[in-house]
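K.L.:
Pasting in a structure now, in structure tokens, and then I'll have a few things to ask.
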Amino acid sequence: MSAPFDVAVIGAGVMGCSTALHLARAGMKTVLLDRGAICREASGVNAGTLTMQMTRAALVPYALRAHEMWMRMAEWCDGGHVQAVDCPGLSVAFTEHEIAMLEERAHFRRQAGAPIEIVSTARAREIEPGLSDKALLAGHCPIDGFTSAYLTGRAFRPALLNAGVELREDTAVRGIQPGFSIDTEAGELRATRVVLAGGVWLQDMAAWLGITLPIKVLINQLVVTERLPPVMRTVLGVASGLLSLKQYANGTVLIGGGWQGIGDRERGGLAVKPDSFLGNVRLAAHTIPALRDARVVRSWLGLEAETADALPAIGPIPGVPDAWIIGSVHSGYTSGPYMGKLLAQAICGQAPELPLFPIDRLLAKDQAA
Amino acid sequence: MIDIAVLGAGPAGMAAATQAAQRGASVVLFDESPAPGGQVYRAAPAGYAMPRDADRAEGDALRAALAASNAVVRTGHRVWGVGGGPLVPLGEAAAPFRLDALAPDGSNTITEARALVLATGTHERIIPFPGWTLPGVLGLAAATILLKANGVLPGRRVVVAGAGPLLYAVAAKLAKAGATVAAVVDLAATSEWIAALPALMARPDLLARGAAWRASLTLKGVPVLAAHRIVAAEGVGVLQRVRVAPLAGGDYRVFDCDALTIGHGLVPATEATRAFRAAHRYVAESGGWVPVLDEDRRTSIPLLYACGDGSGVRGAAAAPASGRVAALAALRDLGLIDAASHATSRASPAADFARASRAGGAMARMMALRPALVAAIPPETIICRCEGVTRAQIEAAVEDGATAMNQVKQFTRCGMGPCQGRLCGEAAAELVAARVGGREKAGFATGRVPLRPVAMDALLGDFDYADIPVPRPAPI
């Protein structure tokens, strides 16, 4: 058998790719495994939103740094990029109740470092002329933007290979024995360290190591229109966070916001729920009235992982030396590349620039370290 | 809730709906066209008097039987949404099927049905070549629709090119309707037609019709080039001429024309079966990916059936029988007829289908995708015209690690536009397949709603903000 890898990263989404890339660049012999293709699950099908106004307050410092990474991706990813667009973001309120929510949420995010200011409808419509006159108030954040998430795998791949990462797609892992011996469909491989980076499948992966880590699965729906003349120029959301809207350079408008469809871990994203589909597009057209004239060409779904407290699972796995986990980051794509960089720092024995999110808090008492 | 919904009112769908309604089921038949008929048996629009032909007569007979049945016919309805059935949360029992359709007045209608029969027909395969996106180049099937529906010629001087019987039908009908047919350019060699003759003997009527078409072309002195292909369509802003060469290579010939109608066969429309996650398999001689069916046309999804060319190309003559077999299976599975009645009733349409399939299958083989045509596409030629993706870009994506159609789509945008891969999918998949070891490996793009682009305005209706059931927000 060949010499063991220094580290095996299981799951080639944005978290796994970033972690593997940074580990390999730090000199580790790295294998990156996925049962499917690189960034073909949530990392490749999400809305690509780089907004602070949907990010949980505790994650704002991470998202700000990740925003910078996405914007400059070509510089650190060997030219690979995801067509990131830097533009302002607006989060709007249509009711008195939403005004209160907007102000409260802006306050907490501002404290966490997001430069959000509350602006009048008139000011908001200067920033976003496409905005409905029914908006009552808006949160404005100059740091916002979006990517073409479907390019994420293609953007990471050359850099991973250049850094010496052995990328094994279509290689499902079936289990891990201590040591570590990793049992795959294509045979066994050995690694000194493992990183579990499997999105909504982290629950099953943690079980390989005897860890019970409940992960909730969100089935997020997305809808895209055909190409339109310019109807908007910002990233738009609503105070509740249940809308994300942006228009790409090619004219298509992507409508998201985390409305729930039908699906699960076993079957993936199966189908949109008609009521959620209608609710989501109505909310979009209520916010940008010009969307009424658009045609919808496709909908799809992506699976987002969430822990019991909706905060990330990033850090060492208690009781299993040299085993690490990364995932369940709310708005995980937004913060993804930075989270991978932090975890790589920790795995290499350095102090991470910002604190990790150890999972002890999420485990039953007898499992926590 | 109704018993059986039928999607597509071509020969298979009309026959399925008629059969089911005759046996007492409540049936609703949907089609986006203004009248039942489908493509081959397309009805003349209201107010048009079109000359009668054999197709028209067969279509009229199916339409008359449908009209005499109790089936509810919803023409002018564009079904954009399919759901229910197996598309339910884990652990829940299968739901009734749900069809969302835009009615002629622009409103959205929702229909629930216990069983769903898909008779969605085909779309045309056009393997790209330089200049194929020029105005003046259109599909062979598209040309027949123009002719049949409205008596409109695609041009004055037309080159008819591609594969299959449609080639000669279109050429003969164009010539009869007053166009000059500059040339017929057939991919098939004369030997292929001769090889198909025994199978065609099963349908002497069709054979005679085909012979008459060819004779009329010969009489008019139309050049018919066998084993030739269109190398390029050329012109400044609009089609002016085509370049034609033998498949085996050799000298070009140039034909001046203002229209090129070209079709390289028909591809079963599997948007709905893909959306339901039914099992599919790739059968080149049936036109491509088809749902896996049992002998009674049941898909892998309970109470979901597929018939007609949408379940594998066998031609219009075979379609009604396949529709009747599907309808009888649905009636049986819903408990509306007993096992003995089912066994007795299915024998005749099953035999009809087997007989008609011989001729239809031979024609389908003639129209099957020809890999050499794909291999001949120059690198800079656009494959996906919605998104402007070239052959070279698709192959670069494969080089960059995209080994299946979903990932190729992500890496290039090929198939992300309004046609959702209906036009580019075949050529793109074939290019990928050549590099990854076959169409089964290359797979297909996941099926999703809407099945057709759908106007937001029609979906939205009138609503107040308070009507939007905004879910509970995530914690701050």
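Residue numbering restarts at 1 in every chain; chains get A, B, ... in the order shown in the structure tokens, and ligands count up from 1 in that same order.
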Got a sec to tell me which of stretch 89-295 of chain A DSSP assigns to strand (DSSP E or B), as a ChimeraX atom specification?

P.N.:
/A:89-93,117-120,137-146,166-168,173-177,181-184,187-196,216-225,235-238,244-247,253-256,260,262-264,268-271,295

K.L.:
What are the residues of chain B that have an atom within 8 Å of an atom of chain A, counting only C-alpha atoms, as a PyMOL selection string?

P.N.:
chain B and resi 83+87-90+275+400-402+407+410-411+417-418+420+448-450+452-457+459-460+465+468-476

K.L.:
Could you pull the residues within 10 Å of stretch 246-257 of chain B, counting only C-alpha atoms, minus those fewer than 5 positions along the same chain, as a ChimeraX atom specification?

P.N.:
/B:136,155-159,180-183,185-189,225-235,239-241,372-373,376

K.L.:
For the selection you just gave me, I'd like the residues written to a file as a short mmCIF file (atom, residue, chain, number, x, y, z; two decimals), in the first residue's frame, keeping N, CA and C atoms.

P.N.:
data_model
loop_
_atom_site.label_atom_id
_atom_site.label_comp_id
_atom_site.auth_asym_id
_atom_site.auth_seq_id
_atom_site.Cartn_x
_atom_site.Cartn_y
_atom_site.Cartn_z
N GLY B 136 -33.66 31.85 -41.59
CA GLY B 136 -33.89 31.10 -42.83
C GLY B 136 -33.64 29.61 -42.65
N GLY B 155 -39.97 29.42 -47.31
CA GLY B 155 -39.20 30.26 -48.24
C GLY B 155 -39.68 29.97 -49.65
N ARG B 156 -39.08 30.66 -50.60
CA ARG B 156 -39.45 30.44 -52.01
C ARG B 156 -38.62 29.31 -52.62
N ARG B 157 -37.35 29.33 -52.23
CA ARG B 157 -36.42 28.34 -52.78
C ARG B 157 -35.78 27.62 -51.60
N VAL B 158 -36.16 26.36 -51.44
CA VAL B 158 -35.89 25.68 -50.17
C VAL B 158 -35.01 24.45 -50.38
N VAL B 159 -34.01 24.31 -49.53
CA VAL B 159 -33.27 23.05 -49.46
C VAL B 159 -33.83 22.25 -48.28
N THR B 180 -40.04 26.22 -54.71
CA THR B 180 -39.04 25.51 -55.49
C THR B 180 -38.15 24.74 -54.52
N VAL B 181 -38.11 23.44 -54.67
CA VAL B 181 -37.20 22.66 -53.82
C VAL B 181 -35.86 22.59 -54.53
N ALA B 182 -34.87 23.28 -53.98
CA ALA B 182 -33.57 23.36 -54.64
C ALA B 182 -32.85 22.02 -54.59
N ALA B 183 -33.03 21.29 -53.51
CA ALA B 183 -32.41 19.97 -53.39
C ALA B 183 -32.96 19.28 -52.15
N VAL B 185 -31.42 16.73 -49.43
CA VAL B 185 -30.11 16.25 -49.00
C VAL B 185 -30.34 15.21 -47.90
N ASP B 186 -30.21 13.96 -48.25
CA ASP B 186 -30.55 12.86 -47.33
C ASP B 186 -29.27 12.29 -46.71
N LEU B 187 -29.28 12.18 -45.39
CA LEU B 187 -28.12 11.57 -44.72
C LEU B 187 -28.03 10.09 -45.05
N ALA B 188 -29.20 9.47 -45.24
CA ALA B 188 -29.22 8.02 -45.46
C ALA B 188 -28.75 7.68 -46.86
N ALA B 189 -28.03 6.60 -46.96
CA ALA B 189 -27.64 6.08 -48.27
C ALA B 189 -28.84 5.34 -48.85
N LEU B 225 -29.93 14.03 -53.15
CA LEU B 225 -28.56 13.59 -52.88
C LEU B 225 -28.57 12.65 -51.68
N ALA B 226 -28.29 11.38 -51.92
CA ALA B 226 -28.24 10.41 -50.83
C ALA B 226 -26.85 10.41 -50.20
N ALA B 227 -26.81 10.08 -48.91
CA ALA B 227 -25.54 10.03 -48.16
C ALA B 227 -24.77 11.34 -48.28
N HIS B 228 -25.51 12.43 -48.19
CA HIS B 228 -24.90 13.77 -48.20
C HIS B 228 -25.31 14.52 -46.94
N ARG B 229 -24.55 15.55 -46.61
CA ARG B 229 -24.90 16.38 -45.45
C ARG B 229 -24.70 17.85 -45.78
N ILE B 230 -25.35 18.69 -44.97
CA ILE B 230 -25.14 20.13 -45.07
C ILE B 230 -23.84 20.43 -44.33
N VAL B 231 -22.90 20.99 -45.03
CA VAL B 231 -21.62 21.33 -44.40
C VAL B 231 -21.69 22.71 -43.75
N ALA B 232 -22.40 23.62 -44.42
CA ALA B 232 -22.53 24.97 -43.87
C ALA B 232 -23.71 25.68 -44.50
N ALA B 233 -24.33 26.55 -43.70
CA ALA B 233 -25.33 27.48 -44.22
C ALA B 233 -24.66 28.85 -44.24
N GLU B 234 -24.81 29.55 -45.34
CA GLU B 234 -24.06 30.80 -45.50
C GLU B 234 -24.98 31.93 -45.94
N GLY B 235 -24.55 33.15 -45.64
CA GLY B 235 -25.29 34.32 -46.06
C GLY B 235 -24.92 35.48 -45.18
N LEU B 239 -29.93 33.60 -44.51
CA LEU B 239 -29.48 32.48 -45.34
C LEU B 239 -29.56 32.80 -46.83
N GLN B 240 -28.47 32.53 -47.55
CA GLN B 240 -28.45 32.75 -49.00
C GLN B 240 -28.08 31.47 -49.77
N ARG B 241 -27.31 30.60 -49.14
CA ARG B 241 -26.91 29.38 -49.84
C ARG B 241 -26.47 28.33 -48.82
N ALA B 372 -21.27 10.40 -36.58
CA ALA B 372 -20.33 11.04 -37.51
C ALA B 372 -20.68 12.50 -37.73
N LEU B 373 -21.98 12.80 -37.66
CA LEU B 373 -22.43 14.18 -37.87
C LEU B 373 -21.94 15.07 -36.72
N ALA B 376 -18.28 15.81 -36.90
CA ALA B 376 -17.90 16.77 -37.95
C ALA B 376 -18.13 18.23 -37.55
#

K.L.:
Sorted by chain and rising residue number, which residues of stretch 198-218 of chain B lie within 10 Å of stretch 49-60 of chain B, and what are their closest atom pairs and distances in Å to one decimal, counting only C-alpha atoms, as a Markdown table?

P.N.:
| residue | atom | partner | partner_atom | distance |
| --- | --- | --- | --- | --- |
| B:Asp205 | CA | B:Ala54 | CA | 9.8 |
| B:Leu206 | CA | B:Ala54 | CA | 9.7 |
| B:Arg209 | CA | B:Ala54 | CA | 9.0 |

K.L.:
Select from stretch 89-288 of chain A everything DSSP, run on the backbone, classes as alpha helix (DSSP H), then give the selection as a PyMOL selection string.

P.N.:
chain A and resi 96-111+121-127+152-162+202-208+274-287

K.L.:
Find the residues near B:Gly335: any atom within 12 Å, counting only C-alpha atoms, skip ones fewer than 6 places away on the same chain, and give them as a PyMOL selection string.

P.N.:
chain B and resi 3+23-25+114-115+303+328-329+341-342

K.L.:
May I have the selected residues written with N, CA and C atoms, as a PDB file, in the first residue's frame?

P.N.:
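Saved as result23.pdb:
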ATOM      1  N   ASP B   3     -59.966  10.867 -12.419  1.00  0.00           N
ATOM      2  CA  ASP B   3     -59.278   9.570 -12.455  1.00  0.00           C
ATOM      3  C   ASP B   3     -57.963   9.662 -13.215  1.00  0.00           C
ATOM      4  N   ARG B  23     -64.403   3.808 -21.111  1.00  0.00           N
ATOM      5  CA  ARG B  23     -64.568   2.782 -20.078  1.00  0.00           C
ATOM      6  C   ARG B  23     -65.002   3.375 -18.743  1.00  0.00           C
ATOM      7  N   GLY B  24     -65.460   4.615 -18.777  1.00  0.00           N
ATOM      8  CA  GLY B  24     -66.108   5.173 -17.591  1.00  0.00           C
ATOM      9  C   GLY B  24     -65.242   6.005 -16.672  1.00  0.00           C
ATOM     10  N   ALA B  25     -63.963   6.167 -17.015  1.00  0.00           N
ATOM     11  CA  ALA B  25     -63.103   6.988 -16.156  1.00  0.00           C
ATOM     12  C   ALA B  25     -63.394   8.463 -16.400  1.00  0.00           C
ATOM     13  N   ARG B 114     -55.715  10.920 -10.216  1.00  0.00           N
ATOM     14  CA  ARG B 114     -55.196   9.712  -9.564  1.00  0.00           C
ATOM     15  C   ARG B 114     -54.110   9.068 -10.408  1.00  0.00           C
ATOM     16  N   ALA B 115     -54.250   9.143 -11.716  1.00  0.00           N
ATOM     17  CA  ALA B 115     -53.244   8.563 -12.615  1.00  0.00           C
ATOM     18  C   ALA B 115     -52.906   9.579 -13.695  1.00  0.00           C
ATOM     19  N   LEU B 303     -48.726   4.464 -11.172  1.00  0.00           N
ATOM     20  CA  LEU B 303     -49.818   5.252 -11.757  1.00  0.00           C
ATOM     21  C   LEU B 303     -49.331   6.338 -12.724  1.00  0.00           C
ATOM     22  N   LEU B 328     -55.575   1.488 -20.759  1.00  0.00           N
ATOM     23  CA  LEU B 328     -56.134   0.268 -20.166  1.00  0.00           C
ATOM     24  C   LEU B 328     -55.378  -0.124 -18.900  1.00  0.00           C
ATOM     25  N   ALA B 329     -54.059   0.065 -18.916  1.00  0.00           N
ATOM     26  CA  ALA B 329     -53.278  -0.234 -17.711  1.00  0.00           C
ATOM     27  C   ALA B 329     -53.694   0.689 -16.573  1.00  0.00           C
ATOM     28  N   SER B 341     -61.131  -8.316 -17.983  1.00  0.00           N
ATOM     29  CA  SER B 341     -61.491  -7.305 -18.973  1.00  0.00           C
ATOM     30  C   SER B 341     -60.238  -6.639 -19.533  1.00  0.00           C
ATOM     31  N   HIS B 342     -59.284  -6.380 -18.650  1.00  0.00           N
ATOM     32  CA  HIS B 342     -58.027  -5.771 -19.090  1.00  0.00           C
ATOM     33  C   HIS B 342     -57.313  -6.676 -20.082  1.00  0.00           C
TER      34      HIS B 342
END

K.L.:
As an exercise, work out the distance from atom CA of A:Pro337 to atom CA of A:Ala112 in Å and give it to one decimal place.

P.N.:
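Computing the Euclidean distance for atom CA of A:Pro337 and atom CA of A:Ala112 yields 19.5 Å.
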